[in-house]
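To be precise, the following lines are start-v2.txt, and they hold compact mmCIF, C-alpha atoms.
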```txt
# COMPACT_ATOMS: atom_id res chain seq x y z
CA MET A 5 -124.82 -140.04 -59.33
CA PHE A 6 -124.63 -142.60 -56.54
CA ASN A 7 -127.69 -144.33 -57.85
CA PHE A 8 -125.88 -144.84 -61.12
CA PHE A 9 -123.10 -146.77 -59.41
CA LYS A 10 -125.50 -148.76 -57.30
CA LYS A 11 -127.45 -149.84 -60.32
CA LYS A 12 -124.28 -151.13 -61.94
CA GLN A 13 -123.46 -153.18 -58.86
CA ALA A 14 -126.82 -154.92 -58.83
CA ASP A 15 -126.15 -156.32 -62.28
CA PRO A 16 -123.62 -159.16 -61.83
CA LYS A 17 -120.55 -158.91 -64.06
CA SER A 18 -120.48 -161.51 -66.79
CA LYS A 19 -117.23 -163.01 -65.56
CA HIS A 20 -118.94 -164.12 -62.37
CA VAL A 21 -121.81 -165.54 -64.37
CA ALA A 22 -119.33 -167.41 -66.56
CA LYS A 23 -117.50 -168.83 -63.57
CA GLU A 24 -120.65 -169.99 -61.83
CA ARG A 25 -122.05 -171.62 -64.95
CA LEU A 26 -118.77 -173.36 -65.62
CA GLN A 27 -118.42 -174.66 -62.09
CA LEU A 28 -121.89 -176.13 -62.27
CA VAL A 29 -121.51 -177.75 -65.67
CA LEU A 30 -118.09 -179.17 -64.77
CA ILE A 31 -119.38 -180.92 -61.68
CA HIS A 32 -121.60 -182.97 -63.97
CA ASP A 33 -118.96 -183.39 -66.70
CA ARG A 34 -116.43 -184.68 -64.20
CA ALA A 35 -118.81 -186.98 -62.40
CA SER A 36 -119.99 -188.57 -65.63
CA ILE A 37 -123.21 -189.61 -63.92
CA PRO A 38 -126.16 -188.99 -66.24
CA PRO A 39 -129.15 -187.03 -64.90
CA ASN A 40 -131.48 -190.06 -65.15
CA VAL A 41 -129.23 -192.00 -62.75
CA ILE A 42 -129.40 -189.11 -60.28
CA GLU A 43 -133.19 -189.14 -60.61
CA ALA A 44 -133.26 -192.91 -59.93
CA ILE A 45 -131.12 -192.40 -56.82
CA ARG A 46 -133.48 -189.66 -55.68
CA LYS A 47 -136.51 -191.93 -55.99
CA ASP A 48 -134.80 -194.73 -54.06
CA ILE A 49 -133.83 -192.38 -51.27
CA ILE A 50 -137.42 -191.15 -50.98
CA LEU A 51 -138.63 -194.75 -50.86
CA ALA A 52 -136.10 -195.78 -48.22
CA ILE A 53 -136.71 -192.84 -45.91
CA SER A 54 -140.51 -192.89 -46.35
CA LYS A 55 -140.58 -196.37 -44.81
CA HIS A 56 -139.52 -194.86 -41.50
CA ILE A 57 -140.59 -191.26 -41.45
CA ASP A 58 -143.04 -189.02 -43.23
CA ILE A 59 -141.39 -186.78 -45.84
CA GLU A 60 -142.59 -184.72 -48.77
CA PRO A 61 -141.16 -186.36 -51.96
CA GLY A 62 -141.21 -183.08 -53.85
CA ASP A 63 -138.81 -181.49 -51.35
CA VAL A 64 -136.10 -184.11 -51.73
CA SER A 65 -133.22 -183.05 -53.93
CA VAL A 66 -130.12 -185.00 -54.95
CA SER A 67 -127.12 -183.37 -56.54
CA ILE A 68 -123.42 -183.86 -57.20
CA GLU A 69 -121.26 -181.35 -55.43
CA ALA A 70 -117.59 -180.51 -55.62
CA HIS A 71 -115.49 -179.90 -52.54
CA PRO A 72 -114.10 -176.40 -52.77
CA GLY A 73 -110.34 -176.35 -52.49
CA ALA A 74 -110.03 -180.13 -52.76
CA SER A 75 -108.54 -182.00 -55.69
CA ARG A 76 -110.15 -182.03 -59.14
CA ASN A 77 -111.88 -185.33 -58.71
CA SER A 78 -113.27 -185.12 -55.23
CA ARG A 79 -117.05 -184.96 -55.32
CA SER A 80 -119.99 -186.16 -53.31
CA ILE A 81 -123.57 -187.03 -53.94
CA VAL A 82 -125.54 -184.76 -51.65
CA ALA A 83 -129.16 -185.53 -50.77
CA ASP A 84 -131.24 -182.85 -49.13
CA VAL A 85 -134.24 -184.35 -47.31
CA PRO A 86 -136.18 -181.70 -45.36
CA LEU A 87 -138.07 -183.10 -42.37
CA ARG A 88 -141.62 -181.88 -41.87
CA LYS A 89 -142.30 -179.55 -39.03
CA LYS A 90 -144.55 -181.11 -36.40
CA GLY A 91 -147.59 -179.00 -37.21
CA GLU A 92 -147.41 -179.80 -40.93
CA ALA A 93 -147.21 -183.55 -40.58
CA VAL A 94 -150.87 -184.21 -41.18
CA ARG A 95 -151.98 -186.56 -43.82
CA MET B 7 -82.68 -188.24 -73.35
CA GLY B 8 -85.14 -185.60 -74.44
CA LYS B 9 -88.73 -184.91 -73.49
CA VAL B 10 -91.92 -185.48 -75.47
CA ILE B 11 -94.46 -182.71 -74.93
CA VAL B 12 -97.94 -182.64 -76.44
CA VAL B 13 -99.73 -179.32 -76.91
CA THR B 14 -103.46 -179.92 -76.70
CA SER B 15 -106.75 -178.16 -75.91
CA GLY B 16 -109.92 -180.00 -76.78
CA LYS B 17 -111.54 -177.00 -78.43
CA GLY B 18 -110.22 -175.84 -81.78
CA GLY B 19 -108.95 -172.37 -82.50
CA VAL B 20 -107.56 -171.54 -79.07
CA GLY B 21 -103.92 -171.35 -80.16
CA LYS B 22 -102.41 -174.85 -80.06
CA THR B 23 -100.54 -174.54 -83.32
CA THR B 24 -99.32 -171.01 -82.58
CA THR B 25 -98.15 -172.16 -79.16
CA THR B 26 -96.36 -175.21 -80.57
CA ALA B 27 -94.62 -173.08 -83.22
CA ASN B 28 -93.53 -170.42 -80.74
CA LEU B 29 -92.33 -172.76 -78.02
CA GLY B 30 -90.46 -174.86 -80.57
CA THR B 31 -88.82 -171.73 -81.94
CA GLY B 32 -88.11 -170.41 -78.44
CA LEU B 33 -86.43 -173.61 -77.30
CA ALA B 34 -84.36 -173.75 -80.48
CA LEU B 35 -83.36 -170.10 -79.93
CA ALA B 36 -82.15 -171.19 -76.50
CA GLY B 37 -79.81 -173.61 -78.25
CA LYS B 38 -81.86 -176.78 -77.84
CA LYS B 39 -82.38 -179.39 -80.50
CA VAL B 40 -86.11 -179.44 -81.20
CA VAL B 41 -88.47 -181.31 -83.50
CA VAL B 42 -92.09 -180.20 -83.82
CA ILE B 43 -94.62 -182.70 -85.14
CA ASP B 44 -97.91 -181.71 -86.75
CA ALA B 45 -100.24 -184.51 -85.62
CA ASP B 46 -103.31 -182.91 -87.20
CA ILE B 47 -103.45 -185.29 -90.14
CA GLY B 48 -105.72 -184.00 -92.88
CA LEU B 49 -105.63 -180.41 -91.60
CA ARG B 50 -101.97 -179.49 -91.86
CA ASN B 51 -101.18 -176.06 -90.40
CA LEU B 52 -98.00 -175.96 -88.36
CA ASP B 53 -95.98 -175.66 -91.59
CA VAL B 54 -97.60 -172.35 -92.57
CA ILE B 55 -97.23 -170.87 -89.09
CA LEU B 56 -93.51 -171.66 -89.25
CA GLY B 57 -93.28 -170.49 -92.87
CA LEU B 58 -92.05 -173.87 -94.11
CA GLU B 59 -94.97 -174.86 -96.34
CA ASN B 60 -92.95 -174.76 -99.55
CA ARG B 61 -90.38 -177.29 -98.44
CA ILE B 62 -92.53 -180.30 -97.69
CA VAL B 63 -91.67 -183.53 -99.48
CA TYR B 64 -92.52 -186.32 -97.04
CA ASN B 65 -94.77 -186.28 -93.96
CA LEU B 66 -95.65 -188.04 -90.71
CA VAL B 67 -97.64 -190.79 -92.42
CA ASP B 68 -94.75 -191.48 -94.82
CA ILE B 69 -92.45 -192.06 -91.84
CA VAL B 70 -94.94 -194.33 -90.08
CA GLU B 71 -95.61 -196.35 -93.22
CA GLY B 72 -91.92 -196.66 -93.99
CA THR B 73 -92.09 -194.74 -97.28
CA CYS B 74 -89.18 -192.64 -96.03
CA ARG B 75 -86.74 -192.45 -93.14
CA PRO B 76 -87.61 -189.97 -90.32
CA LYS B 77 -84.65 -187.78 -91.35
CA GLN B 78 -86.02 -187.41 -94.89
CA ALA B 79 -89.35 -186.05 -93.68
CA MET B 80 -87.83 -183.55 -91.27
CA ILE B 81 -87.76 -180.01 -92.60
CA LYS B 82 -85.02 -177.81 -91.24
CA ASP B 83 -86.11 -174.35 -90.13
CA LYS B 84 -85.14 -171.36 -92.29
CA LYS B 85 -83.24 -169.60 -89.51
CA LEU B 86 -82.55 -172.02 -86.71
CA GLY B 87 -80.20 -174.95 -87.16
CA GLY B 88 -81.70 -176.79 -84.20
CA LEU B 89 -85.37 -176.68 -85.23
CA PHE B 90 -87.06 -179.32 -87.39
CA LEU B 91 -90.64 -179.91 -88.52
CA ILE B 92 -92.37 -183.18 -89.30
CA PRO B 93 -95.46 -182.07 -91.25
CA ALA B 94 -98.86 -183.76 -91.22
CA ALA B 95 -100.15 -185.59 -94.27
CA GLN B 96 -102.77 -183.51 -96.04
CA THR B 97 -104.47 -186.20 -98.10
CA ARG B 98 -104.97 -188.83 -95.39
CA ASP B 99 -107.03 -189.02 -92.21
CA LYS B 100 -106.34 -189.65 -88.53
CA SER B 101 -106.67 -193.42 -88.85
CA ALA B 102 -103.48 -193.52 -90.94
CA VAL B 103 -101.47 -193.54 -87.69
CA THR B 104 -101.90 -195.61 -84.52
CA PRO B 105 -100.98 -194.71 -80.92
CA GLU B 106 -98.37 -197.51 -80.91
CA GLN B 107 -96.69 -196.08 -84.01
CA MET B 108 -96.58 -192.61 -82.44
CA LYS B 109 -95.11 -194.03 -79.24
CA GLU B 110 -92.42 -195.79 -81.20
CA LEU B 111 -91.58 -192.72 -83.30
CA THR B 112 -91.43 -190.26 -80.38
CA ALA B 113 -89.32 -192.69 -78.33
CA LYS B 114 -86.83 -192.82 -81.19
CA LEU B 115 -86.86 -189.03 -81.68
CA LYS B 116 -86.22 -188.18 -78.04
CA GLU B 117 -82.96 -190.10 -78.15
CA GLU B 118 -81.67 -187.48 -80.55
CA PHE B 119 -83.64 -184.32 -79.70
CA ASP B 120 -83.91 -182.34 -76.46
CA TYR B 121 -87.57 -181.63 -77.12
CA VAL B 122 -90.20 -183.36 -79.23
CA LEU B 123 -93.23 -181.04 -79.40
CA ILE B 124 -96.47 -182.46 -80.76
CA ASP B 125 -99.24 -180.23 -82.09
CA CYS B 126 -102.39 -182.18 -81.22
CA PRO B 127 -105.56 -181.92 -83.31
CA ALA B 128 -108.75 -180.56 -81.71
CA GLY B 129 -111.24 -183.09 -80.41
CA ILE B 130 -111.02 -186.19 -78.24
CA GLU B 131 -110.97 -188.93 -80.87
CA GLN B 132 -108.28 -190.94 -82.65
CA GLY B 133 -106.08 -187.93 -83.49
CA PHE B 134 -105.93 -186.92 -79.83
CA LYS B 135 -105.14 -190.46 -78.72
CA ASN B 136 -102.33 -190.67 -81.28
CA ALA B 137 -100.86 -187.34 -80.24
CA ILE B 138 -100.73 -188.09 -76.52
CA ALA B 139 -99.56 -191.71 -76.84
CA GLY B 140 -95.87 -191.12 -76.21
CA ALA B 141 -96.09 -187.89 -74.21
CA ASP B 142 -94.03 -187.29 -71.08
CA GLU B 143 -95.83 -184.04 -70.50
CA ALA B 144 -98.90 -182.17 -71.79
CA TYR B 145 -99.55 -178.47 -72.13
CA VAL B 146 -103.25 -177.68 -72.20
CA VAL B 147 -104.03 -174.43 -74.02
CA THR B 148 -107.25 -172.60 -73.27
CA THR B 149 -108.75 -169.13 -73.58
CA PRO B 150 -110.79 -167.51 -70.78
CA GLU B 151 -114.08 -168.49 -72.40
CA VAL B 152 -116.70 -170.87 -71.07
CA SER B 153 -116.58 -173.33 -73.97
CA ALA B 154 -112.77 -173.46 -74.14
CA VAL B 155 -112.41 -173.98 -70.38
CA ARG B 156 -115.04 -176.69 -70.36
CA ASP B 157 -113.26 -178.58 -73.15
CA ALA B 158 -109.91 -178.06 -71.43
CA ASP B 159 -111.35 -179.67 -68.32
CA ARG B 160 -112.48 -182.67 -70.33
CA ILE B 161 -109.02 -183.01 -71.88
CA ILE B 162 -107.32 -182.74 -68.48
CA GLY B 163 -109.50 -185.61 -67.28
CA MET B 164 -108.53 -187.70 -70.31
CA LEU B 165 -104.83 -186.93 -69.85
CA GLU B 166 -105.13 -188.08 -66.24
CA ALA B 167 -106.88 -191.26 -67.34
CA ALA B 168 -104.14 -191.88 -69.93
CA GLU B 169 -101.56 -191.40 -67.14
CA VAL B 170 -99.60 -188.64 -68.83
CA PRO B 171 -97.15 -187.81 -66.01
CA LEU B 172 -97.47 -184.01 -65.97
CA THR B 173 -100.11 -181.61 -67.27
CA ARG B 174 -99.67 -177.84 -67.22
CA LEU B 175 -101.93 -175.00 -68.30
CA VAL B 176 -101.42 -172.17 -70.80
CA ILE B 177 -104.07 -169.44 -70.80
CA ASN B 178 -104.11 -167.72 -74.16
CA ARG B 179 -105.72 -164.59 -75.58
CA ILE B 180 -106.38 -162.81 -72.30
CA LYS B 181 -107.99 -159.40 -72.81
CA GLN B 182 -106.91 -157.74 -69.59
CA GLU B 183 -109.08 -154.69 -70.22
CA MET B 184 -112.14 -156.90 -70.18
CA VAL B 185 -110.85 -158.80 -67.14
CA LEU B 186 -110.51 -155.52 -65.23
CA LYS B 187 -114.03 -154.52 -66.22
CA GLY B 188 -115.32 -157.86 -64.92
CA GLU B 189 -116.37 -159.02 -68.38
CA MET B 190 -113.83 -161.81 -68.86
CA MET B 191 -112.54 -164.51 -66.51
CA GLY B 192 -109.05 -163.74 -65.28
CA ILE B 193 -106.02 -165.96 -64.68
CA ASP B 194 -107.07 -166.80 -61.11
CA ASP B 195 -110.59 -167.73 -62.16
CA VAL B 196 -109.42 -170.18 -64.84
CA VAL B 197 -106.72 -171.72 -62.63
CA GLU B 198 -109.20 -172.15 -59.80
CA ILE B 199 -111.67 -173.94 -62.04
CA LEU B 200 -109.20 -176.24 -63.80
CA ALA B 201 -107.02 -176.83 -60.72
CA ILE B 202 -103.75 -177.68 -62.50
CA ASP B 203 -100.33 -175.99 -62.54
CA LEU B 204 -100.08 -172.84 -64.62
CA LEU B 205 -97.23 -172.78 -67.14
CA GLY B 206 -97.94 -169.39 -68.62
CA ILE B 207 -100.29 -166.68 -69.82
CA ILE B 208 -100.45 -164.97 -73.19
CA PRO B 209 -102.23 -161.65 -73.70
CA ASP B 210 -104.45 -161.10 -76.71
CA ASP B 211 -102.15 -159.49 -79.25
CA GLY B 212 -102.73 -158.49 -82.87
CA GLU B 213 -99.06 -159.20 -83.56
CA ILE B 214 -99.93 -162.92 -83.51
CA VAL B 215 -102.00 -162.40 -86.65
CA VAL B 216 -99.23 -160.37 -88.28
CA ALA B 217 -96.73 -163.09 -87.39
CA SER B 218 -98.85 -165.87 -88.85
CA ASN B 219 -99.42 -163.78 -91.99
CA LYS B 220 -95.66 -163.70 -92.46
CA GLY B 221 -94.97 -167.25 -91.35
CA GLU B 222 -92.58 -166.00 -88.70
CA PRO B 223 -93.46 -166.87 -85.08
CA VAL B 224 -94.23 -163.87 -82.86
CA ILE B 225 -91.49 -164.91 -80.41
CA TYR B 226 -89.00 -163.21 -82.76
CA ASN B 227 -90.81 -159.90 -82.24
CA ASN B 228 -89.16 -158.14 -79.31
CA LYS B 229 -91.82 -155.45 -79.12
CA SER B 230 -94.80 -157.75 -78.89
CA PHE B 231 -96.35 -158.71 -75.54
CA ALA B 232 -97.29 -162.15 -76.84
CA GLY B 233 -93.70 -162.63 -77.99
CA GLN B 234 -92.47 -161.78 -74.50
CA ALA B 235 -95.05 -164.15 -73.00
CA TYR B 236 -93.76 -167.01 -75.15
CA ARG B 237 -90.17 -166.19 -74.22
CA ASN B 238 -91.17 -166.39 -70.56
CA ILE B 239 -92.82 -169.77 -71.08
CA THR B 240 -89.75 -171.06 -72.91
CA ASP B 241 -87.61 -170.05 -69.93
CA ARG B 242 -89.97 -171.85 -67.54
CA ILE B 243 -89.81 -175.01 -69.64
CA GLU B 244 -86.05 -174.76 -69.31
CA GLY B 245 -86.50 -174.70 -65.55
CA LYS B 246 -85.99 -170.99 -64.91
CA ASP B 247 -88.16 -169.26 -62.34
CA VAL B 248 -89.76 -166.42 -64.31
CA PRO B 249 -92.63 -164.43 -62.76
CA LEU B 250 -95.92 -164.12 -64.64
CA MET B 251 -96.12 -161.13 -66.94
CA ASN B 252 -98.02 -158.19 -65.41
CA LEU B 253 -100.90 -157.74 -67.81
CA ASN B 254 -102.09 -154.55 -66.11
CA ASP B 255 -99.07 -152.74 -67.56
CA GLN B 256 -100.64 -153.19 -70.98
CA VAL B 257 -103.90 -151.52 -70.03
CA SER B 258 -104.45 -147.75 -70.02
CA VAL B 259 -104.36 -145.89 -66.70
CA TRP B 260 -108.01 -144.84 -67.14
CA THR B 261 -109.25 -148.37 -67.56
CA ARG B 262 -107.33 -149.43 -64.50
CA LEU B 263 -108.76 -146.58 -62.42
CA PHE B 264 -112.28 -147.17 -63.64
CA SER B 265 -112.06 -150.89 -62.90
CA ARG B 266 -111.83 -150.13 -59.17
CA TRP B 267 -115.40 -148.90 -59.25
CA SER B 268 -116.91 -151.40 -61.58
CA LYS B 269 -115.70 -154.57 -59.86
```
Output the structure of this file as structure tokens.
Amino acid sequence: MFNFFKKKQADPKSKHVAKERLQLVLIHDRASIPPNVIEAIRKDIILAISKHIDIEPGDVSVSIEAHPGASRNSRSIVADVPLRKKGEAVR
Amino acid sequence: MGKVIVVTSGKGGVGKTTTTANLGTGLALAGKKVVVIDADIGLRNLDVILGLENRIVYNLVDIVEGTCRPKQAMIKDKKLGGLFLIPAAQTRDKSAVTPEQMKELTAKLKEEFDYVLIDCPAGIEQGFKNAIAGADEAYVVTTPEVSAVRDADRIIGMLEAAEVPLTRLVINRIKQEMVLKGEMMGIDDVVEILAIDLLGIIPDDGEIVVASNKGEPVIYNNKSFAGQAYRNITDRIEGKDVPLMNLNDQVSVWTRLFSRWSK
């Protein structure tokens, strides 16, 4: 009986799926920056940072993010550049 | 001086024409002088929703081209002395009218009417640009579905870019039973995503179909929830502070109880 309810909970309701998908697609719609431009920015960031420190290009991600609660048009370009742990930095 | 309001949505089939017809009727019932304009040139529809399809002689393009005077193209409503329709041309396309011509026409009309309501065609091309050209305010109609909300967002962006002074949201065809079961986005979800002021909500209601079958807007139907929802919106347009309709009242007790578990 309880298992039945638990199982239902694990499966996310479609309204949450809808909302998440919409929020993601709208960030890109509103920014009107095409994916290839984002990719170009990503490559340039990798190039710029690699001059100074050792990073793994495959780990660098660039995305457009909305600011929750802020106005419709407030967005940022967010770059995530993980630094290597000391032990890993062998080349 | 009256107000020019465009009813728009981006996506087709979400209830623009029904909303225009009902709000026009509602405002006229409240004693206002109202003209509704069908800007969907080539796909005329507002006339049938209002039940006035048999009275059309001239249309919007005739006015713009000077074939007739605006008065000659205006069809008086069957019941309400204060409600008039300017129908769309059926045999022309959207390029028959320019944004400047629409601006000029709506500016002239709002000198005489309290409200000029424009039923905007779906899409973001010429027809949309014509319809919003002279607007003081825009009502964006959407349904709680992914595609409709996405298109609404696009339209809101374009209305901002066109510097339409005020944009408000109407959420149509809400199936509260599904919302309670977590299978449809609710009012809060849609408002959070689109981040504009909410003008009103309309529950999904079969009476809308019955009303359009008869050519008599659902706002006349005192027993229908959608009719009540449109009356509430009309009151808000008139500046009255009317609370949002409680949609849970329309759902069975069992569904409401069950929804507590399934959220």
Exercise. Could you write out as an NGL selection string the residues of chain B within 9 Å of chain A, counting all atoms listed in the file?
Worked result: :B and (151-153 or 155-156 or 159-160 or 163 or 185 or 187-192 or 195-196 or 198-202 or 267-269)
Exercise. Separation of atom CA of B:Ala36 and atom CA of B:Leu66, in Å?
Worked result: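 Atom CA of B:Ala36 sits 25.8 Å away from atom CA of B:Leu66.
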Using all atoms listed in the file, which protein or nucleic acid residues come within 6 Å of B:Ala95? Drop anything in the same chain fewer than 5 positions from it, and give the result as an mmCIF file with C-alpha atoms, in the coordinates of the input.
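result37.cif, written as the output of this step:
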```
data_model
loop_
_atom_site.group_PDB
_atom_site.id
_atom_site.type_symbol
_atom_site.label_atom_id
_atom_site.label_comp_id
_atom_site.auth_asym_id
_atom_site.auth_seq_id
_atom_site.Cartn_x
_atom_site.Cartn_y
_atom_site.Cartn_z
ATOM 1 C CA ILE B 47 -103.450 -185.290 -90.140
ATOM 2 C CA GLY B 48 -105.720 -184.000 -92.880
ATOM 3 C CA ASN B 65 -94.770 -186.280 -93.960
#
```
Exercise. Distance atom CA of B:Ala168-atom CA of B:Glu106, one decimal place?
Worked result: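 According to the coordinates, atom CA of B:Ala168 and atom CA of B:Glu106 are separated by 13.6 Å.
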Exercise. Which of these residues is nearest to A:His56, using all atoms listed in the file: A:Ile37, A:Ile31, A:Leu87, A:Ala70?
Worked result: A:Leu87
For this session: Would you please work out which residue, of B:Gln182, B:Glu213, B:Tyr121, B:Trp260, is nearest to B:Ile225 when using only C-alpha atoms?
Result: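 Under the stated criterion, the closest residue is B:Glu213.
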Name all residues at most 9 Å from stretch 124-128 of chain B (count all atoms listed in the file; drop same-chain ones fewer than 2 positions away) and give them as a compact mmCIF listing (two decimals) with C-alpha atoms, in the coordinates of the input.
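Now in result-v2.txt:
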```txt
# COMPACT_ATOMS: atom_id res chain seq x y z
CA VAL B 10 -91.92 -185.48 -75.47
CA ILE B 11 -94.46 -182.71 -74.93
CA VAL B 12 -97.94 -182.64 -76.44
CA VAL B 13 -99.73 -179.32 -76.91
CA THR B 14 -103.46 -179.92 -76.70
CA SER B 15 -106.75 -178.16 -75.91
CA GLY B 16 -109.92 -180.00 -76.78
CA LYS B 17 -111.54 -177.00 -78.43
CA GLY B 18 -110.22 -175.84 -81.78
CA GLY B 19 -108.95 -172.37 -82.50
CA LYS B 22 -102.41 -174.85 -80.06
CA THR B 23 -100.54 -174.54 -83.32
CA THR B 25 -98.15 -172.16 -79.16
CA THR B 26 -96.36 -175.21 -80.57
CA ALA B 27 -94.62 -173.08 -83.22
CA VAL B 41 -88.47 -181.31 -83.50
CA VAL B 42 -92.09 -180.20 -83.82
CA ILE B 43 -94.62 -182.70 -85.14
CA ASP B 44 -97.91 -181.71 -86.75
CA ALA B 45 -100.24 -184.51 -85.62
CA ASP B 46 -103.31 -182.91 -87.20
CA ILE B 47 -103.45 -185.29 -90.14
CA LEU B 49 -105.63 -180.41 -91.60
CA LEU B 52 -98.00 -175.96 -88.36
CA VAL B 122 -90.20 -183.36 -79.23
CA ILE B 130 -111.02 -186.19 -78.24
CA GLU B 131 -110.97 -188.93 -80.87
CA GLY B 133 -106.08 -187.93 -83.49
CA PHE B 134 -105.93 -186.92 -79.83
CA ASN B 136 -102.33 -190.67 -81.28
CA ALA B 137 -100.86 -187.34 -80.24
CA ILE B 138 -100.73 -188.09 -76.52
CA ALA B 141 -96.09 -187.89 -74.21
```
For this session: Fewer than 5 positions away in the same chain doesn't count, so skip those; otherwise give me all residues within 12 Å of A:Val66, counting only C-alpha atoms, as a list in words.
Result: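 That gives Pro39, Asn40, Val41, Ile42, Glu43, Ala44, Ile45, Arg46, Lys47, Asp48, Ile49, Ile50, Pro61, Ser80, Ile81, Val82, Ala83, Asp84, Val85 and Pro86 of chain A.
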Exercise. Using only C-alpha atoms, which of the listed residues (B:Asp255, B:Glu183, B:Glu117, B:Asp53) sits closest to B:Gly8?
Worked result: B:Glu117
Exercise. Any idea what the distance is between atom CA of B:Gln96 and atom CA of B:Phe119?
Worked result: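 Atom CA of B:Phe119 lies 25.2 Å from atom CA of B:Gln96.
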Problem set entry | Residue neighbourhood B:Met251, 9 Å, only C-alpha atoms, exclusion window fewer than 5 positions, as a count of residues only | 7
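All protein and nucleic acid residues in the vicinity of (-94.5, -188.4, -97.4), that is within 12 Å when counting only C-alpha atoms, are Ile47, Arg61, Ile62, Val63, Tyr64, Asn65, Leu66, Val67, Asp68, Ile69, Val70, Glu71, Gly72, Thr73, Cys74, Arg75, Pro76, Lys77, Gln78, Ala79, Met80, Ile81, Ile92, Pro93, Ala94, Ala95, Gln96, Thr97 and Arg98 of chain B.
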Exercise. Counting only C-alpha atoms, what is within 8 Å of B:Leu86, bar same-chain residues fewer than 3 positions away, as number ranges by chain?
Worked result: B: 31, 34-35, 82-83, 89
Just write the chosen residues, C-alpha atoms, as a short mmCIF file (atom, residue, chain, number, x, y, z; two decimals), in the frame of the given file.
```cif
data_model
loop_
_atom_site.label_atom_id
_atom_site.label_comp_id
_atom_site.auth_asym_id
_atom_site.auth_seq_id
_atom_site.Cartn_x
_atom_site.Cartn_y
_atom_site.Cartn_z
CA THR B 31 -88.82 -171.73 -81.94
CA ALA B 34 -84.36 -173.75 -80.48
CA LEU B 35 -83.36 -170.10 -79.93
CA LYS B 82 -85.02 -177.81 -91.24
CA ASP B 83 -86.11 -174.35 -90.13
CA LEU B 89 -85.37 -176.68 -85.23
#
```
